[in-house]
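Have a look at upload_39.txt; it's compact mmCIF, C-alpha atoms and all ligand atoms:
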```
# COMPACT_ATOMS: atom_id res chain seq x y z
CA MET X 71 126.15 72.64 79.13
CA GLU X 72 125.35 75.80 77.16
CA LEU X 73 122.71 78.36 78.13
CA ASP X 74 120.51 77.17 75.25
CA ASP X 75 120.41 73.73 76.87
CA VAL X 76 118.82 75.11 80.04
CA ASN X 77 115.07 74.50 80.00
CA SER X 78 114.20 73.44 83.48
CA ILE X 79 115.12 75.16 86.74
CA THR X 80 114.36 73.85 90.22
CA VAL X 81 114.29 76.28 93.12
CA LEU X 82 114.80 74.71 96.54
CA GLY X 83 113.10 76.65 99.31
CA ALA X 84 109.80 78.48 98.78
CA GLY X 85 110.44 81.31 101.26
CA ASN X 86 110.85 85.00 100.45
CA MET X 87 113.81 84.51 98.14
CA GLY X 88 112.88 81.09 96.75
CA HIS X 89 109.44 82.04 95.51
CA GLY X 90 110.80 85.33 94.14
CA ILE X 91 113.54 83.55 92.18
CA ALA X 92 111.05 80.98 90.87
CA GLU X 93 108.83 83.85 89.68
CA VAL X 94 111.74 85.56 87.90
CA ALA X 95 112.74 82.29 86.19
CA ALA X 96 109.16 81.58 85.10
CA LEU X 97 108.83 85.10 83.71
CA ALA X 98 111.96 84.44 81.65
CA GLY X 99 110.22 81.43 80.09
CA TYR X 100 111.86 78.56 81.98
CA ASP X 101 109.95 75.57 83.30
CA VAL X 102 110.24 75.94 87.05
CA VAL X 103 109.81 73.53 89.92
CA LEU X 104 109.33 75.14 93.33
CA ARG X 105 110.26 72.76 96.11
CA ASP X 106 110.02 72.92 99.89
CA ILE X 107 109.89 70.39 102.70
CA ASN X 108 106.10 70.31 103.12
CA GLU X 109 102.88 71.09 101.25
CA GLU X 110 102.12 74.16 103.34
CA PHE X 111 105.46 75.88 102.64
CA VAL X 112 105.41 75.10 98.95
CA GLN X 113 101.78 76.19 98.54
CA ASN X 114 102.47 79.41 100.43
CA GLY X 115 105.38 80.17 98.06
CA TYR X 116 103.18 79.44 95.05
CA ASP X 117 100.45 81.73 96.41
CA GLN X 118 103.02 84.51 96.84
CA ILE X 119 104.06 84.16 93.20
CA GLU X 120 100.41 84.38 92.18
CA TRP X 121 100.00 87.52 94.33
CA SER X 122 103.11 89.17 92.93
CA LEU X 123 102.24 88.41 89.29
CA GLY X 124 98.75 89.76 89.94
CA LYS X 125 100.24 93.00 91.31
CA LEU X 126 102.53 93.38 88.32
CA ALA X 127 99.59 92.88 85.94
CA GLU X 128 97.45 95.30 87.96
CA LYS X 129 100.20 97.91 87.56
CA ASP X 130 100.44 97.30 83.80
CA GLN X 131 103.95 95.94 84.06
CA MET X 132 102.72 92.89 82.14
CA THR X 133 99.46 91.60 80.69
CA GLU X 134 97.12 89.23 82.53
CA GLU X 135 97.99 86.61 79.88
CA GLU X 136 101.73 86.95 80.56
CA ALA X 137 101.12 86.65 84.30
CA ASP X 138 98.95 83.53 83.81
CA ALA X 139 101.50 81.96 81.46
CA ALA X 140 104.32 82.53 83.97
CA LEU X 141 102.28 80.97 86.78
CA GLU X 142 101.51 77.96 84.61
CA ARG X 143 105.22 77.35 84.18
CA VAL X 144 105.64 76.86 87.96
CA THR X 145 105.09 73.40 89.44
CA PRO X 146 105.07 73.07 93.23
CA ILE X 147 106.58 69.75 94.41
CA VAL X 148 107.59 68.42 97.84
CA ASP X 149 109.50 65.22 96.96
CA LEU X 150 113.14 66.18 96.32
CA GLY X 151 113.89 63.37 93.85
CA GLU X 152 110.87 64.26 91.75
CA ALA X 153 111.65 67.98 92.01
CA VAL X 154 115.15 67.67 90.56
CA ALA X 155 114.69 64.76 88.14
CA ASP X 156 114.71 67.05 85.06
CA ALA X 157 116.61 70.01 86.50
CA ASP X 158 119.31 71.60 84.36
CA VAL X 159 120.02 74.13 87.08
CA VAL X 160 119.10 74.00 90.76
CA VAL X 161 118.96 77.33 92.57
CA GLU X 162 119.04 76.65 96.31
CA ALA X 163 117.42 79.17 98.64
CA VAL X 164 116.95 77.21 101.88
CA PRO X 165 117.59 78.85 105.31
CA GLU X 166 120.89 80.66 105.76
CA LYS X 167 122.50 78.07 108.02
CA MET X 168 125.61 76.13 106.99
CA GLU X 169 124.37 72.82 108.53
CA ILE X 170 120.99 73.01 106.80
CA LYS X 171 122.49 73.86 103.42
CA LYS X 172 125.13 71.11 103.70
CA GLU X 173 122.46 68.54 104.52
CA VAL X 174 120.43 69.64 101.50
CA TYR X 175 123.45 69.40 99.18
CA GLY X 176 124.29 65.91 100.47
CA GLU X 177 120.81 64.72 99.49
CA LEU X 178 120.74 66.75 96.30
CA GLU X 179 124.00 65.23 95.05
CA GLU X 180 122.41 61.77 95.20
CA LYS X 181 119.20 62.78 93.46
CA ALA X 182 120.13 65.30 90.76
CA PRO X 183 121.25 64.26 87.26
CA ASP X 184 125.01 64.47 86.62
CA HIS X 185 124.76 67.44 84.27
CA THR X 186 122.80 69.63 86.75
CA VAL X 187 124.51 72.85 87.83
CA PHE X 188 124.07 73.87 91.47
CA ALA X 189 123.72 77.59 92.23
CA THR X 190 123.31 78.70 95.82
CA ASN X 191 121.48 81.88 96.75
CA THR X 192 123.41 82.07 100.03
CA SER X 193 123.77 85.63 101.30
CA SER X 194 127.15 85.09 102.92
CA LEU X 195 128.27 81.49 103.43
CA SER X 196 131.36 79.99 101.81
CA ILE X 197 130.62 78.72 98.30
CA THR X 198 133.75 76.56 98.50
CA ASP X 199 132.67 74.85 101.73
CA LEU X 200 129.19 74.17 100.38
CA SER X 201 130.50 72.90 97.04
CA GLU X 202 132.78 70.40 98.78
CA VAL X 203 129.76 68.50 100.11
CA THR X 204 129.01 67.56 96.50
CA GLU X 205 130.94 65.54 93.94
CA ARG X 206 130.62 68.36 91.40
CA PRO X 207 132.32 71.40 92.96
CA GLU X 208 133.29 72.64 89.48
CA GLN X 209 129.55 72.77 88.60
CA PHE X 210 128.76 74.84 91.68
CA CYS X 211 128.65 78.61 92.22
CA GLY X 212 126.80 81.38 94.04
CA MET X 213 123.80 83.07 92.40
CA HIS X 214 122.73 85.71 94.86
CA PHE X 215 119.50 87.60 94.17
CA PHE X 216 118.19 90.55 96.20
CA ASN X 217 114.87 91.01 97.91
CA PRO X 218 112.37 91.33 96.26
CA PRO X 219 113.92 89.42 93.31
CA VAL X 220 111.25 90.50 90.84
CA ARG X 221 112.10 94.18 91.49
CA MET X 222 115.86 94.11 92.16
CA PRO X 223 118.06 94.08 89.03
CA LEU X 224 121.35 92.87 90.56
CA VAL X 225 122.58 89.28 90.88
CA GLU X 226 125.97 88.45 92.38
CA VAL X 227 127.52 85.44 90.64
CA ILE X 228 130.17 84.10 92.97
CA SER X 229 132.99 81.72 92.22
CA GLY X 230 134.06 79.12 94.76
CA ALA X 231 137.62 77.80 94.79
CA HIS X 232 136.67 74.91 92.49
CA THR X 233 134.09 76.58 90.21
CA ALA X 234 134.80 76.08 86.49
CA ASP X 235 134.80 79.14 84.21
CA GLU X 236 132.07 77.42 82.14
CA THR X 237 129.81 77.34 85.21
CA MET X 238 130.37 81.05 85.88
CA ASP X 239 129.67 81.86 82.21
CA LEU X 240 126.52 79.75 82.23
CA VAL X 241 125.10 81.25 85.42
CA GLU X 242 125.98 84.78 84.35
CA GLY X 243 124.18 84.14 81.06
CA LEU X 244 121.25 82.69 82.99
CA ALA X 245 120.96 85.83 85.13
CA GLU X 246 121.05 87.97 81.97
CA SER X 247 118.37 85.82 80.35
CA MET X 248 116.21 86.62 83.40
CA GLY X 249 116.66 90.33 82.71
CA LYS X 250 119.12 90.80 85.58
CA THR X 251 122.52 92.46 85.70
CA PRO X 252 125.06 89.96 86.98
CA VAL X 253 128.18 91.06 88.82
CA ARG X 254 130.94 88.49 88.94
CA VAL X 255 132.44 88.11 92.41
CA ARG X 256 135.91 86.59 92.20
CA LYS X 257 136.58 86.04 95.86
CA ASP X 258 134.45 83.81 98.03
CA SER X 259 134.48 85.88 101.23
CA PRO X 260 131.71 86.31 103.87
CA GLY X 261 128.86 88.51 102.62
CA PHE X 262 130.49 88.81 99.17
CA ILE X 263 130.10 92.48 98.11
CA VAL X 264 126.59 93.72 98.85
CA ASN X 265 126.00 92.14 102.23
CA ARG X 266 129.50 92.98 103.43
CA ILE X 267 128.33 96.60 103.09
CA LEU X 268 124.59 96.39 103.73
CA VAL X 269 124.33 94.05 106.72
CA PRO X 270 126.79 96.03 108.90
CA LEU X 271 124.67 99.09 108.05
CA MET X 272 121.58 97.34 109.47
CA ASN X 273 123.62 96.20 112.48
CA GLU X 274 125.00 99.67 113.16
CA ALA X 275 121.47 101.08 112.96
CA ALA X 276 120.41 98.54 115.59
CA TRP X 277 123.38 99.47 117.84
CA ILE X 278 122.35 103.15 117.66
CA VAL X 279 118.87 102.27 118.94
CA HIS X 280 120.31 99.79 121.47
CA ASP X 281 122.57 102.57 122.82
CA ASP X 282 119.49 104.81 123.08
CA ALA X 283 121.12 107.38 120.79
CA ALA X 284 118.08 107.57 118.46
CA THR X 285 114.75 105.88 117.75
CA VAL X 286 113.99 103.43 114.95
CA GLU X 287 112.06 106.18 113.11
CA GLU X 288 114.86 108.73 113.51
CA VAL X 289 117.46 106.33 112.16
CA ASP X 290 115.23 105.40 109.21
CA SER X 291 114.52 109.02 108.30
CA THR X 292 118.25 109.65 108.27
CA THR X 293 119.07 106.65 106.06
CA LYS X 294 116.29 107.49 103.64
CA PHE X 295 116.45 111.23 103.42
CA ASP X 296 120.07 112.03 104.17
CA ILE X 297 121.99 109.00 102.95
CA GLY X 298 119.47 108.51 100.13
CA LEU X 299 118.78 104.77 100.31
CA PRO X 300 115.33 103.73 99.00
CA MET X 301 114.36 102.32 102.39
CA GLY X 302 115.34 103.04 105.98
CA SER X 303 117.75 100.56 107.61
CA PHE X 304 114.98 99.06 109.75
CA GLU X 305 112.46 99.00 106.89
CA LEU X 306 115.07 97.11 104.90
CA ALA X 307 115.75 94.69 107.78
CA ASP X 308 112.00 93.99 107.94
CA GLN X 309 111.86 93.52 104.17
CA VAL X 310 114.84 91.14 104.02
CA GLY X 311 113.93 89.27 107.24
CA ILE X 312 115.66 90.12 110.51
CA ASP X 313 116.66 86.46 110.88
CA VAL X 314 118.41 86.53 107.48
CA GLY X 315 120.48 89.62 108.38
CA PHE X 316 121.18 88.16 111.83
CA HIS X 317 122.48 84.84 110.45
CA VAL X 318 124.68 86.70 107.95
CA LEU X 319 126.09 88.76 110.82
CA GLU X 320 126.70 85.70 113.00
CA TYR X 321 128.72 84.17 110.18
CA MET X 322 130.62 87.39 109.45
CA HIS X 323 131.35 87.76 113.17
CA GLU X 324 132.68 84.20 113.32
CA VAL X 325 134.90 84.54 110.25
CA LEU X 326 135.78 88.25 110.09
CA GLY X 327 135.88 89.22 113.77
CA ASP X 328 134.44 91.49 116.43
CA ALA X 329 133.55 94.44 114.20
CA TYR X 330 130.59 92.35 113.04
CA GLU X 331 129.19 91.44 116.48
CA PRO X 332 125.39 91.23 116.04
CA CYS X 333 123.46 93.78 118.10
CA PRO X 334 121.38 92.16 120.91
CA LEU X 335 118.32 94.01 119.58
CA LEU X 336 118.46 91.83 116.47
CA ALA X 337 118.96 88.67 118.53
CA GLU X 338 115.92 89.59 120.63
CA LYS X 339 113.73 90.07 117.53
CA VAL X 340 114.84 86.70 116.19
CA GLU X 341 114.22 84.98 119.53
CA ASN X 342 110.69 86.41 119.68
CA GLU X 343 110.09 85.50 116.02
CA ASN X 344 109.42 89.13 115.12
CA LEU X 345 111.21 88.71 111.82
CA GLY X 346 109.75 91.54 109.75
CA LYS X 347 107.10 91.63 107.02
CA LYS X 348 106.93 87.85 106.72
CA THR X 349 105.73 87.43 110.32
CA GLY X 350 103.66 90.63 110.37
CA LYS X 351 105.91 92.27 112.95
CA GLY X 352 109.55 93.31 113.08
CA PHE X 353 110.75 96.83 113.81
CA TYR X 354 107.38 97.93 112.40
CA ASP X 355 103.89 96.36 112.48
CA TYR X 356 102.36 95.10 109.23
CA ASP X 357 98.90 93.97 110.41
N1 LIG D 401 105.93 91.73 93.56
C1 LIG D 401 105.03 92.61 93.09
N2 LIG D 401 104.73 93.75 93.70
C2 LIG D 401 105.39 94.02 94.85
C3 LIG D 401 106.36 93.17 95.40
C4 LIG D 401 106.62 91.96 94.71
N3 LIG D 401 107.50 91.08 95.16
N4 LIG D 401 106.85 93.70 96.55
C5 LIG D 401 106.20 94.87 96.70
N5 LIG D 401 105.33 95.05 95.71
C6 LIG D 401 104.37 96.12 95.53
C7 LIG D 401 103.83 96.63 96.85
O1 LIG D 401 102.75 95.84 97.29
C8 LIG D 401 103.37 98.03 96.48
O2 LIG D 401 102.10 97.92 95.88
P1 LIG D 401 100.93 99.01 96.20
O3 LIG D 401 101.45 100.31 95.64
O4 LIG D 401 99.74 98.51 95.43
O5 LIG D 401 100.75 99.01 97.66
C9 LIG D 401 104.37 98.41 95.41
O6 LIG D 401 105.05 97.23 94.98
C10 LIG D 401 105.44 99.34 95.86
O7 LIG D 401 106.16 99.62 94.72
P2 LIG D 401 106.72 101.04 94.45
O8 LIG D 401 107.48 100.98 93.16
O9 LIG D 401 105.64 102.05 94.61
O10 LIG D 401 107.66 101.19 95.71
P3 LIG D 401 109.10 101.62 95.74
O11 LIG D 401 109.38 102.63 94.70
O12 LIG D 401 109.34 101.94 97.16
O13 LIG D 401 109.97 100.32 95.37
C11 LIG D 401 111.39 98.65 96.22
C12 LIG D 401 109.96 99.19 96.17
C13 LIG D 401 111.87 98.29 94.81
C14 LIG D 401 111.36 97.38 97.07
C15 LIG D 401 112.34 99.77 96.79
O14 LIG D 401 111.81 100.23 98.00
C16 LIG D 401 113.74 99.28 97.01
O15 LIG D 401 114.55 99.22 96.09
N6 LIG D 401 114.09 98.96 98.26
C17 LIG D 401 115.41 98.46 98.60
C18 LIG D 401 115.40 96.98 98.52
C19 LIG D 401 116.79 96.41 98.72
O16 LIG D 401 117.77 97.09 98.94
N7 LIG D 401 116.86 95.09 98.62
C20 LIG D 401 118.08 94.38 98.84
C21 LIG D 401 118.07 93.89 100.22
S1 LIG D 401 119.54 93.04 100.63
C22 LIG D 401 119.24 91.48 100.15
O17 LIG D 401 118.23 91.09 99.69
C23 LIG D 401 120.42 90.63 100.28
C24 LIG D 401 120.43 89.62 101.32
O18 LIG D 401 120.91 88.56 101.02
C25 LIG D 401 120.07 89.90 102.73
```

Produce structure tokens that represent the structure in this file.
Amino acid sequence: MELDDVNSITVLGAGNMGHGIAEVAALAGYDVVLRDINEEFVQNGYDQIEWSLGKLAEKDQMTEEEADAALERVTPIVDLGEAVADADVVVEAVPEKMEIKKEVYGELEEKAPDHTVFATNTSSLSITDLSEVTERPEQFCGMHFFNPPVRMPLVEVISGAHTADETMDLVEGLAESMGKTPVRVRKDSPGFIVNRILVPLMNEAAWIVHDDAATVEEVDSTTKFDIGLPMGSFELADQVGIDVGFHVLEYMHEVLGDAYEPCPLLAEKVENENLGKKTGKGFYDYD
């Protein structure tokens, strides 16, 4: 399949990343299906797209008409078979757990047309392992967006052991057609490039607070004003979702070793469902 043949994109998972990716694809002119496991999740994702497009129009980053047209290109659907029936590319953004993703790919393989390319937005998990659940590992790669997708220009395009060059070319071209800058990641290793650097930074920040060496605010001031990142480490953890960073760390710890041991402070936040902006409370309050 060539890039010109891609008309319809299905995004699986309507959470933070899923609805953001669907928005980016709709803005690029693709017909988009946004799918999640129940009406509430899928409607919530759709509402978030509407909010975000409204904000962009309010800030003159697009016209009202462009925002409306993009929203019209998004169809929320719950039934998986219906959601992928016409998909040329499926971008999967379901929770960052190997078992959940494998289950989704098992079902997806049965329901998607043969030509459909599968692109996972996993933040860290093995592309090769995920692709082997399907019967099309050559049509499978990573397509990793950053939060919030509509604002972040980078996309990591990651090759699994079986990914065909044509698939990498297609997905790279797809990212470019969405106005993003793709970076090709040759080696399928935990966290790829960005998260291998960024998630340990969030973890180390948590260890500093856990060890009572500094407060959340002190660490964030340092990361913002001295290291020069756009957000403090804890602000970023709240933005990304503390659970997302935590699951990435758990996987990196399992595969790469003790240097990546997740800080108990993160585990505690996850246990108490204080996951950041999306739950209204994380390291900061958002009410
Ligand atoms: N759509 C539309 N508007 C949005 C938005 C969205 N998705 N998200 C936020 N906004 C709005 C806010 O509501 C706010 O609006 P108001 O001014 O009306 O309150 C406005 O955008 C803020 O925008 P600004 O440009 O003023 O803010 P900023 O200059 O601080 O930029 C940012 C915001 C681009 C998010 C910037 O802070 C940034 O780059 N942060 C770092 C983000 C980052 O590193 N992301 C990667 C995380 S790692 C990851 O995602 C990988 C993973 O797998 C874990």

Edge lengths and centre in Å to one decimal, as lines of an AutoDock Vina configuration file, of the axis-aligned box that encloses all listed atoms of region 135-152 of chain X with 4 Å added on every side?
```
center_x = 105.9
center_y = 75.2
center_z = 88.9
size_x = 23.9
size_y = 31.6
size_z = 26.0
```

Would you list the contacts of Val160 (chain X) as a CSV table (one decimal) with C-alpha atoms, in the frame of the given file, taking every protein, DNA or RNA residue within 12 Å and counting only C-alpha atoms, but skipping same-chain residues closer than 2 positions in sequence?
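part-v9.csv was written with the following content:
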```
chain,number,residue,atom,x,y,z
X,76,VAL,CA,118.8,75.1,80.0
X,77,ASN,CA,115.1,74.5,80.0
X,78,SER,CA,114.2,73.4,83.5
X,79,ILE,CA,115.1,75.2,86.7
X,80,THR,CA,114.4,73.8,90.2
X,81,VAL,CA,114.3,76.3,93.1
X,82,LEU,CA,114.8,74.7,96.5
X,83,GLY,CA,113.1,76.6,99.3
X,88,GLY,CA,112.9,81.1,96.8
X,91,ILE,CA,113.5,83.6,92.2
X,92,ALA,CA,111.0,81.0,90.9
X,95,ALA,CA,112.7,82.3,86.2
X,101,ASP,CA,110.0,75.6,83.3
X,102,VAL,CA,110.2,75.9,87.0
X,103,VAL,CA,109.8,73.5,89.9
X,104,LEU,CA,109.3,75.1,93.3
X,105,ARG,CA,110.3,72.8,96.1
X,150,LEU,CA,113.1,66.2,96.3
X,153,ALA,CA,111.6,68.0,92.0
X,154,VAL,CA,115.2,67.7,90.6
X,155,ALA,CA,114.7,64.8,88.1
X,156,ASP,CA,114.7,67.0,85.1
X,157,ALA,CA,116.6,70.0,86.5
X,158,ASP,CA,119.3,71.6,84.4
X,162,GLU,CA,119.0,76.6,96.3
X,163,ALA,CA,117.4,79.2,98.6
X,164,VAL,CA,117.0,77.2,101.9
X,174,VAL,CA,120.4,69.6,101.5
X,175,TYR,CA,123.4,69.4,99.2
X,178,LEU,CA,120.7,66.8,96.3
X,179,GLU,CA,124.0,65.2,95.0
X,181,LYS,CA,119.2,62.8,93.5
X,182,ALA,CA,120.1,65.3,90.8
X,183,PRO,CA,121.2,64.3,87.3
X,184,ASP,CA,125.0,64.5,86.6
X,185,HIS,CA,124.8,67.4,84.3
X,186,THR,CA,122.8,69.6,86.8
X,187,VAL,CA,124.5,72.8,87.8
X,188,PHE,CA,124.1,73.9,91.5
X,189,ALA,CA,123.7,77.6,92.2
X,190,THR,CA,123.3,78.7,95.8
X,191,ASN,CA,121.5,81.9,96.8
X,209,GLN,CA,129.6,72.8,88.6
X,210,PHE,CA,128.8,74.8,91.7
X,211,CYS,CA,128.6,78.6,92.2
X,212,GLY,CA,126.8,81.4,94.0
X,213,MET,CA,123.8,83.1,92.4
X,241,VAL,CA,125.1,81.2,85.4
X,244,LEU,CA,121.2,82.7,83.0
```

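Put simply, CA of Leu268 (chain X) is 18.6 Å away from CA of Val340 (chain X).
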
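Atom to atom, CA of Ala276 (chain X) and CA of Asp357 (chain X) stand 22.6 Å apart.
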
Residues within 12 Å of region 108-110 of chain X, only C-alpha atoms, excluding chain neighbours under 6 positions, as an mmCIF file with C-alpha atoms, in the frame of the given file:
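Written out: result.cif:
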```
data_model
loop_
_atom_site.group_PDB
_atom_site.id
_atom_site.type_symbol
_atom_site.label_atom_id
_atom_site.label_comp_id
_atom_site.auth_asym_id
_atom_site.auth_seq_id
_atom_site.Cartn_x
_atom_site.Cartn_y
_atom_site.Cartn_z
ATOM 1 C CA LEU X 82 114.800 74.710 96.540
ATOM 2 C CA GLY X 83 113.100 76.650 99.310
ATOM 3 C CA ALA X 84 109.800 78.480 98.780
ATOM 4 C CA GLY X 85 110.440 81.310 101.260
ATOM 5 C CA TYR X 116 103.180 79.440 95.050
ATOM 6 C CA ASP X 117 100.450 81.730 96.410
ATOM 7 C CA PRO X 146 105.070 73.070 93.230
ATOM 8 C CA ILE X 147 106.580 69.750 94.410
ATOM 9 C CA VAL X 148 107.590 68.420 97.840
ATOM 10 C CA ASP X 149 109.500 65.220 96.960
ATOM 11 C CA LEU X 150 113.140 66.180 96.320
#
```

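Within 8 Å of region 203-207 of chain X, once all atoms listed in the file are used and residues closer than 5 positions along the same chain are dropped, the contacting residues are Lys172, Tyr175, Gly176, Glu179, Thr198, His232 and Thr233 of chain X.
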
Pull the closest atom pair for each residue of region 270-318 of chain X that gets at most 10 Å from region 214-227 of chain X, along with the distance in Å to one decimal, counting only C-alpha atoms, ordering rows by chain and then ascending residue number, as CSV.
```
residue,atom,partner,partner_atom,distance
X:Leu306,CA,X:Asn217,CA,9.3
X:Gln309,CA,X:Asn217,CA,7.4
X:Val310,CA,X:Asn217,CA,6.1
X:Gly311,CA,X:Asn217,CA,9.5
```

Mind listing as a VMD selection string all residues within 9 Å of (131.9, 82.2, 101.0), counting only C-alpha atoms?
chain X and resid 192 to 200 212 228 to 230 257 to 262

Since the input is missing atoms for region 218-240 of chain X, could you rebuild it with N, CA and C atoms and give the result as a short mmCIF file (atom, residue, chain, number, x, y, z; two decimals), in the coordinates of the input?
```
data_model
loop_
_atom_site.label_atom_id
_atom_site.label_comp_id
_atom_site.auth_asym_id
_atom_site.auth_seq_id
_atom_site.Cartn_x
_atom_site.Cartn_y
_atom_site.Cartn_z
N PRO X 218 113.09 92.43 96.93
CA PRO X 218 112.37 91.33 96.26
C PRO X 218 112.95 91.04 94.86
N PRO X 219 113.24 89.76 94.56
CA PRO X 219 113.92 89.42 93.31
C PRO X 219 113.25 89.98 92.06
N VAL X 220 111.93 90.04 92.06
CA VAL X 220 111.25 90.50 90.84
C VAL X 220 111.48 92.00 90.59
N ARG X 221 111.87 92.73 91.63
CA ARG X 221 112.10 94.18 91.49
C ARG X 221 113.58 94.56 91.45
N MET X 222 114.44 93.72 92.00
CA MET X 222 115.86 94.11 92.16
C MET X 222 116.68 93.59 90.97
N PRO X 223 117.38 94.48 90.27
CA PRO X 223 118.06 94.08 89.03
C PRO X 223 119.39 93.32 89.21
N LEU X 224 120.00 93.43 90.40
CA LEU X 224 121.35 92.87 90.56
C LEU X 224 121.34 91.39 90.95
N VAL X 225 122.31 90.65 90.41
CA VAL X 225 122.58 89.28 90.88
C VAL X 225 124.09 89.14 91.03
N GLU X 226 124.54 88.75 92.22
CA GLU X 226 125.97 88.45 92.38
C GLU X 226 126.20 87.00 91.94
N VAL X 227 127.15 86.80 91.05
CA VAL X 227 127.52 85.44 90.64
C VAL X 227 128.91 85.18 91.22
N ILE X 228 128.96 84.23 92.16
CA ILE X 228 130.17 84.10 92.97
C ILE X 228 130.89 82.78 92.68
N SER X 229 132.18 82.90 92.47
CA SER X 229 132.99 81.72 92.22
C SER X 229 133.50 81.14 93.52
N GLY X 230 133.37 79.80 93.67
CA GLY X 230 134.06 79.12 94.76
C GLY X 230 135.46 78.75 94.29
N ALA X 231 136.24 78.13 95.17
CA ALA X 231 137.62 77.80 94.79
C ALA X 231 137.67 76.79 93.64
N HIS X 232 136.62 75.98 93.50
CA HIS X 232 136.67 74.91 92.49
C HIS X 232 135.78 75.19 91.27
N THR X 233 135.07 76.32 91.28
CA THR X 233 134.09 76.58 90.21
C THR X 233 134.78 76.70 88.84
N ALA X 234 134.25 75.98 87.85
CA ALA X 234 134.80 76.08 86.49
C ALA X 234 134.35 77.38 85.83
N ASP X 235 135.17 77.91 84.93
CA ASP X 235 134.80 79.14 84.21
C ASP X 235 133.49 78.94 83.44
N GLU X 236 133.30 77.71 82.92
CA GLU X 236 132.07 77.42 82.14
C GLU X 236 130.83 77.60 83.02
N THR X 237 130.96 77.22 84.29
CA THR X 237 129.81 77.34 85.21
C THR X 237 129.51 78.81 85.45
N MET X 238 130.57 79.61 85.66
CA MET X 238 130.37 81.05 85.88
C MET X 238 129.72 81.68 84.64
N ASP X 239 130.23 81.29 83.45
CA ASP X 239 129.67 81.86 82.21
C ASP X 239 128.20 81.49 82.08
N LEU X 240 127.90 80.22 82.37
CA LEU X 240 126.52 79.75 82.23
C LEU X 240 125.58 80.51 83.18
#
```
